[in-house]
Amino acid sequence: MNQIAAGEVIERPASVVKELVENAIDAGSTKISVELGVGGLDLVRVRDDGCGIPEGQLPLALAAHATSKVAEAADLDRIATLGFRGEAIASIASVARVRIRSRVAGSDAAFEIACEGGDESPIKPAAHPVGTTVEVRTLFFNTPARRKFVRTPNTEKARCMDWVRDLALAHPGIGFAVSHDGKPILDLPPNQTAGDRAVAVLGPELAPELLEVSVDRFDDARGILIWGLVGRPAIARPTAKAQHVFLNGRAVRDKTIQHAIREAYRGLIEPGRHPTALLMIEMAPDAVDVNVHPAKLEVRFRDQSMVHGAVTRGVRDALQRADLTRPVADTQLGAGRASTPRPPLELDFGPGTPQQHRLSADGRASAQAFAEHVRALRDEAERAVRPVVTAEELAPVVSDNSVLIENRSSASSGLSGSSFGSSSGASGEIEATPEASLPPAGSRSRFTQIHDSYIVVEDEQGMLIIDQHALHERVMFETLSARLGLGFENGSKSLESQRFLTPATADVEPEVLAGLDGVASLLARLGIEAAALGPRSLGVHAFPTLLIERKVEPGAFVSELLAKAHSEPLPPNEEAALHEVLDMMSCKAAVKAGDRLSEGEIEALLAQRHLVERSAACPHGRPTSVRVSLTQLERLFERR
C-alpha cells in the first residue's frame with residue numbers, strides 16, 4: 001500500500017526534497033540544509049533546527065496516515081500547514097533507505113530510527129543537536145521500474161533546486177543551504193526581507209525590471225492579501241517557468257491565478273510569451289481547499305472569481321503605475337558596452353515577512369497584522385510616475401464639444417482629431433480636454449517624423465522613438481474598447497454604425513460564408529450588419545462609423561473576419577472574442593507606416609499616448625516606443 005501511495009506522492013528526488021523541506025518548515029526551523037548526492041538519487045539529507053520529534057513518536061513518523069498536524073476532522077477544512085496527509089515519509093520509506101535522527105528542546109538525548117523498504121529498525125540513542133535530520137538513500141532501490149523513469153543526475157538536481165528555491169522564496173525568514181556531491185550551490189541567510197530574498201533567488205540583474213504588487217481586500221475572514229513582484233513586459237519568457245505563486249506559504253500551480261496574470265498583461269506581451277511574476281497570497285485557511293492533489297500542488301478556492309479579480313487588478317495596477325517604455329540596450333546601438341541599467345527598485349520592505357504574518361487557524365488574528373504590513377508596503381511603493389488617465393476616469397470631466405486638435409484631414413493619411421478618440425461625448429469614450437492633452441509637467445515636446453513611419457521625441461531622459469502605427473493602433477483599440485464598454489462594470493454597448501444605401505460587397509468562399517450565422521451576435525455588437533447575397537457573395541449593410549472615418553473597406557474587413565473565424569475559431573467567451581476582433585479593427589484603422597502626418601496630427605497622437613492605458617505596447621504586444629538615454633547618446637559620440 002505504501003508503494004502505491006509512493007507512486008502518487010514520490011515521483012522523483014525533487015518530490016522527496018519538497019516533502020522533507022516542508023516538514024522542516026512546519027517544525028518552526030530557522031535554518032534548513034539540504035545535501036544531495038547524484039542528483040538526489042543516491043542521497044537526500046535534510047537537516048533542520050526545528051522542534052524535533054519525541055522518542056515515542058519516531059515510529060509514527062514512518063507510519064502511513066499518521067500526522068501531528070491534524071488534531072480533529074474539522075482541521076481538514078482549515079489547513080494551515082504545508083504537510084498534513086501523513087503519507088510522505090511512509091511513502092519514501094517504502095521505496096528507499098531512510099534514517100531519522102531527532103532531538104527535542106529540553107532533552108539531553110537524541111534518538112534515531114531507520115527503515116529500509118518498509119522494514120523498521122528499533123529506536124536507538126544518537127548524537128544530534130535540537131532539530132531533525134532525515135536521510136534518504138538509494139531512492140527506488142526496490143522498485144527498478146520507477147528508477148528507469150528518472151532523468152540524468154543534472155536534470156534531477158535542477159528539479160530539486162527548483163523546489164528549494166520556491167520554498168525559500170515563500171519563507172524568507174528561514175535560512176537555506178544546499179550542497180550537491182559535497183559542493184555548496186546555494187546559501188541564503190535567515191531573516192531576509194521578502195524583497196531581498198526575491199533578488200537573491202531570482203538574480204540581482206532582474207531587480208530593476210521588477211514592479212511591486214500590493215492588494216489588500218481583507219475586509220473579513222474570506223478576503224485576500226497579495227504582495228509580490230512582476231516583471232516588465234520586456235522580460236517575458238517563452239514558458240511560464242518564471243512564475244512563482246505561493247498561497248499561505250505553499251507553492252501552487254493554479255490555473256485561475258495563471259489566467260489572471262495573463263489577463264493583466266493582455267496586449268503588453270506577444271502571444272505565446274509568459275510574464276515573470278512572484279506572488280505571495282494570504283487567505284484564511286478555510287477559504288481554500290488544499291486537499292485536492294496528492295502532491296498538494298493544486299488548490300480549490302471557495303470564491304474563485306474574487307481571487308481572479310484581485311490578482312488581475314493588482315498586477316494591472318502595478319503595470320499602470322510604471323513607465324513601460326522599453327530602453328534600447330547599448331549593444332543594440334552598437335556601442336559594445338553593457339546597457340545602462342534602470343534605477344534599482346527599492347526592495348527593503350521592512351522587517352516583516354509573509355512568513356511572520358501567516359494566518360492563524362481562524363484566519364482573523366494574524367490577518368489584521370498582515371493587513372497592516374501590506375498597507376505599509378503599499379504606502380512605501382508609491383512611485384513618482386504620472387498616473388494614466390483611463391477612459392472611465394476621463395469621461396465625466398469632458399464636455400461634448402471638447403476636441404484635441406482642429407478636426408482636419410491629411411491628404412495622405414486621412415487622419416483627423418476624432419480619429420484619436422475625441423468625439424461628441426459618448427459615455428465612457430476616451431476623450432481629451434485641452435488641459436488633459438498637455439504633456440506631463442516638465443516634459444519637452446520637440447519632435448520630428450522620420451521615414452513617414454517613426455516619430456522621434458525629446459524628453460528629459462533622452463529621446464523616444466515611437467512607431468506611429470503601433471501607438472495609433474493602441475489608441476484605436478482603447479477607443480473601441482471604451483465605446484463597447486469593455487472593462488467597465490455592467491458595460492455592454494454596441495459600436496455606433498452607419499447604414500449604406502447600397503451594400504458593400506465582397507467575394508467569399510462558400511465554406512467561409514457559411515460561418516456568418518455563427519458570428520452574427522458578435523457582428524451586431526460591433527455595429528456590423530452583413531448577409532449573404534449569393535453562394536459566394538457577401539453584402540455589408542451597416543458598418544461602424546469610426547471605421548468608415550478611418551477609410552476601412554467594409555467588405556474586405558468582414559470577409560477577412562469570417563476567414564479568420566473559419567481557420568481558427570474565435571474564443572467562446574464573448575469578451576475574449578471581442579478583444580481578438582478589436583485587434584483586427586485597430587490594425588486596419590490605425591495610421592500606417594509611410595503615412596505622412598501633419599504637425600497637429602503628431603501632437604494629437606503624442607497627447608493620446610499620455611491618456612490611454614498600456615500605451616507602451618500595441619494590442620499584439622509589440623512595443624510602441626523605445627527610449628535612447630542621454631547617456632547612451634553620449635557614449636555613441638564618445639563623450640563618455
# chains A, B, ... in the order shown; residues from 1 in each chain; ligands from 1
>>> select_by_dssp(residues="region 95-255 of chain A", states="strand (DSSP E)", output="ChimeraX atom specification")
/A:97-103,110-116,119-120,124-126,131-137,175-180,183-188,210-216,225-231,243-247,250-251
>>> residues_around(residues="region 141-150 of chain A", least_positions_apart="6", cutoff="12 Å", atoms="only C-alpha atoms", output="MDAnalysis selection string")
chainID A and resid 3:4 6:8 10:15 38:43 92:98 116:118 156:157 159
>>> closest_residue(among="A:Val475, A:Ser497, A:Ser629, A:Val519", to="Leu605 (chain A)", atoms="only C-alpha atoms")
A:Val475
>>> decode(residues="region 41-54 of chain A", atoms="all heavy atoms", output="PDB file, in the first residue's frame")
ATOM      1  N   LEU A  41      19.389  10.995  -6.264  1.00  0.00           N
ATOM      2  CA  LEU A  41      19.064   9.575  -6.431  1.00  0.00           C
ATOM      3  C   LEU A  41      19.766   8.718  -5.390  1.00  0.00           C
ATOM      4  O   LEU A  41      19.198   7.740  -4.889  1.00  0.00           O
ATOM      5  CB  LEU A  41      19.453   9.111  -7.841  1.00  0.00           C
ATOM      6  CG  LEU A  41      18.623   9.713  -8.973  1.00  0.00           C
ATOM      7  CD1 LEU A  41      19.273   9.450 -10.313  1.00  0.00           C
ATOM      8  CD2 LEU A  41      17.214   9.139  -8.954  1.00  0.00           C
ATOM      9  N   ASP A  42      21.003   9.060  -5.064  1.00  0.00           N
ATOM     10  CA  ASP A  42      21.742   8.298  -4.057  1.00  0.00           C
ATOM     11  C   ASP A  42      21.558   8.858  -2.651  1.00  0.00           C
ATOM     12  O   ASP A  42      21.609   8.107  -1.675  1.00  0.00           O
ATOM     13  CB  ASP A  42      23.233   8.270  -4.397  1.00  0.00           C
ATOM     14  CG  ASP A  42      23.550   7.300  -5.521  1.00  0.00           C
ATOM     15  OD1 ASP A  42      22.603   6.688  -6.051  1.00  0.00           O
ATOM     16  OD2 ASP A  42      24.733   7.175  -5.883  1.00  0.00           O
ATOM     17  N   LEU A  43      21.356  10.184  -2.555  1.00  0.00           N
ATOM     18  CA  LEU A  43      21.238  10.775  -1.219  1.00  0.00           C
ATOM     19  C   LEU A  43      20.406  12.045  -1.252  1.00  0.00           C
ATOM     20  O   LEU A  43      20.612  12.902  -2.119  1.00  0.00           O
ATOM     21  CB  LEU A  43      22.636  11.110  -0.669  1.00  0.00           C
ATOM     22  CG  LEU A  43      22.679  11.937   0.637  1.00  0.00           C
ATOM     23  CD1 LEU A  43      22.124  11.117   1.805  1.00  0.00           C
ATOM     24  CD2 LEU A  43      24.090  12.415   0.939  1.00  0.00           C
ATOM     25  N   VAL A  44      19.480  12.138  -0.312  1.00  0.00           N
ATOM     26  CA  VAL A  44      18.820  13.391   0.038  1.00  0.00           C
ATOM     27  C   VAL A  44      18.855  13.470   1.551  1.00  0.00           C
ATOM     28  O   VAL A  44      18.269  12.630   2.244  1.00  0.00           O
ATOM     29  CB  VAL A  44      17.363  13.465  -0.452  1.00  0.00           C
ATOM     30  CG1 VAL A  44      16.703  14.742   0.070  1.00  0.00           C
ATOM     31  CG2 VAL A  44      17.287  13.414  -1.960  1.00  0.00           C
ATOM     32  N   ARG A  45      19.558  14.454   2.089  1.00  0.00           N
ATOM     33  CA  ARG A  45      19.632  14.625   3.537  1.00  0.00           C
ATOM     34  C   ARG A  45      19.151  16.027   3.866  1.00  0.00           C
ATOM     35  O   ARG A  45      19.717  17.012   3.390  1.00  0.00           O
ATOM     36  CB  ARG A  45      21.051  14.416   4.044  1.00  0.00           C
ATOM     37  CG  ARG A  45      21.155  14.538   5.575  1.00  0.00           C
ATOM     38  CD  ARG A  45      22.594  14.444   6.067  1.00  0.00           C
ATOM     39  NE  ARG A  45      23.145  13.115   5.843  1.00  0.00           N
ATOM     40  CZ  ARG A  45      24.243  12.861   5.139  1.00  0.00           C
ATOM     41  NH1 ARG A  45      24.885  13.862   4.546  1.00  0.00           N
ATOM     42  NH2 ARG A  45      24.692  11.634   4.999  1.00  0.00           N
ATOM     43  N   VAL A  46      18.103  16.133   4.676  1.00  0.00           N
ATOM     44  CA  VAL A  46      17.530  17.418   5.079  1.00  0.00           C
ATOM     45  C   VAL A  46      17.670  17.555   6.584  1.00  0.00           C
ATOM     46  O   VAL A  46      17.162  16.723   7.342  1.00  0.00           O
ATOM     47  CB  VAL A  46      16.048  17.531   4.666  1.00  0.00           C
ATOM     48  CG1 VAL A  46      15.461  18.847   5.170  1.00  0.00           C
ATOM     49  CG2 VAL A  46      15.910  17.439   3.158  1.00  0.00           C
ATOM     50  N   ARG A  47      18.376  18.610   7.010  1.00  0.00           N
ATOM     51  CA  ARG A  47      18.625  18.846   8.437  1.00  0.00           C
ATOM     52  C   ARG A  47      18.016  20.191   8.816  1.00  0.00           C
ATOM     53  O   ARG A  47      18.140  21.171   8.075  1.00  0.00           O
ATOM     54  CB  ARG A  47      20.125  18.854   8.718  1.00  0.00           C
ATOM     55  CG  ARG A  47      20.496  19.218  10.150  1.00  0.00           C
ATOM     56  CD  ARG A  47      21.986  19.057  10.372  1.00  0.00           C
ATOM     57  NE  ARG A  47      22.393  17.666  10.213  1.00  0.00           N
ATOM     58  CZ  ARG A  47      23.671  17.263  10.191  1.00  0.00           C
ATOM     59  NH1 ARG A  47      24.641  18.147  10.308  1.00  0.00           N
ATOM     60  NH2 ARG A  47      23.958  15.985  10.053  1.00  0.00           N
ATOM     61  N   ASP A  48      17.340  20.231   9.961  1.00  0.00           N
ATOM     62  CA  ASP A  48      16.726  21.473  10.422  1.00  0.00           C
ATOM     63  C   ASP A  48      16.988  21.675  11.900  1.00  0.00           C
ATOM     64  O   ASP A  48      17.456  20.758  12.597  1.00  0.00           O
ATOM     65  CB  ASP A  48      15.222  21.475  10.126  1.00  0.00           C
ATOM     66  CG  ASP A  48      14.449  20.449  10.932  1.00  0.00           C
ATOM     67  OD1 ASP A  48      14.460  20.523  12.173  1.00  0.00           O
ATOM     68  OD2 ASP A  48      13.823  19.548  10.334  1.00  0.00           O
ATOM     69  N   ASP A  49      16.678  22.879  12.371  1.00  0.00           N
ATOM     70  CA  ASP A  49      16.827  23.191  13.802  1.00  0.00           C
ATOM     71  C   ASP A  49      15.458  23.448  14.421  1.00  0.00           C
ATOM     72  O   ASP A  49      15.318  24.290  15.296  1.00  0.00           O
ATOM     73  CB  ASP A  49      17.741  24.399  13.997  1.00  0.00           C
ATOM     74  CG  ASP A  49      17.205  25.656  13.309  1.00  0.00           C
ATOM     75  OD1 ASP A  49      16.187  25.561  12.595  1.00  0.00           O
ATOM     76  OD2 ASP A  49      17.809  26.742  13.487  1.00  0.00           O
ATOM     77  N   GLY A  50      14.454  22.704  13.951  1.00  0.00           N
ATOM     78  CA  GLY A  50      13.087  22.874  14.423  1.00  0.00           C
ATOM     79  C   GLY A  50      12.824  22.216  15.755  1.00  0.00           C
ATOM     80  O   GLY A  50      13.742  21.926  16.529  1.00  0.00           O
ATOM     81  N   CYS A  51      11.550  21.954  16.007  1.00  0.00           N
ATOM     82  CA  CYS A  51      11.124  21.484  17.331  1.00  0.00           C
ATOM     83  C   CYS A  51      11.526  20.043  17.623  1.00  0.00           C
ATOM     84  O   CYS A  51      11.557  19.628  18.784  1.00  0.00           O
ATOM     85  CB  CYS A  51       9.618  21.631  17.472  1.00  0.00           C
ATOM     86  SG  CYS A  51       8.664  20.640  16.285  1.00  0.00           S
ATOM     87  N   GLY A  52      11.829  19.274  16.571  1.00  0.00           N
ATOM     88  CA  GLY A  52      12.226  17.891  16.783  1.00  0.00           C
ATOM     89  C   GLY A  52      11.051  16.956  16.976  1.00  0.00           C
ATOM     90  O   GLY A  52       9.891  17.377  17.093  1.00  0.00           O
ATOM     91  N   ILE A  53      11.364  15.632  17.002  1.00  0.00           N
ATOM     92  CA  ILE A  53      10.347  14.596  17.156  1.00  0.00           C
ATOM     93  C   ILE A  53      10.643  13.833  18.445  1.00  0.00           C
ATOM     94  O   ILE A  53      11.751  13.300  18.614  1.00  0.00           O
ATOM     95  CB  ILE A  53      10.358  13.616  15.968  1.00  0.00           C
ATOM     96  CG1 ILE A  53      10.195  14.368  14.651  1.00  0.00           C
ATOM     97  CG2 ILE A  53       9.266  12.552  16.118  1.00  0.00           C
ATOM     98  CD1 ILE A  53      10.365  13.485  13.419  1.00  0.00           C
ATOM     99  N   PRO A  54       9.697  13.758  19.375  1.00  0.00           N
ATOM    100  CA  PRO A  54       9.927  12.999  20.610  1.00  0.00           C
ATOM    101  C   PRO A  54      10.220  11.521  20.315  1.00  0.00           C
ATOM    102  O   PRO A  54       9.777  10.965  19.305  1.00  0.00           O
ATOM    103  CB  PRO A  54       8.615  13.160  21.378  1.00  0.00           C
ATOM    104  CG  PRO A  54       7.984  14.385  20.805  1.00  0.00           C
ATOM    105  CD  PRO A  54       8.394  14.414  19.372  1.00  0.00           C
TER     106      PRO A  54
END
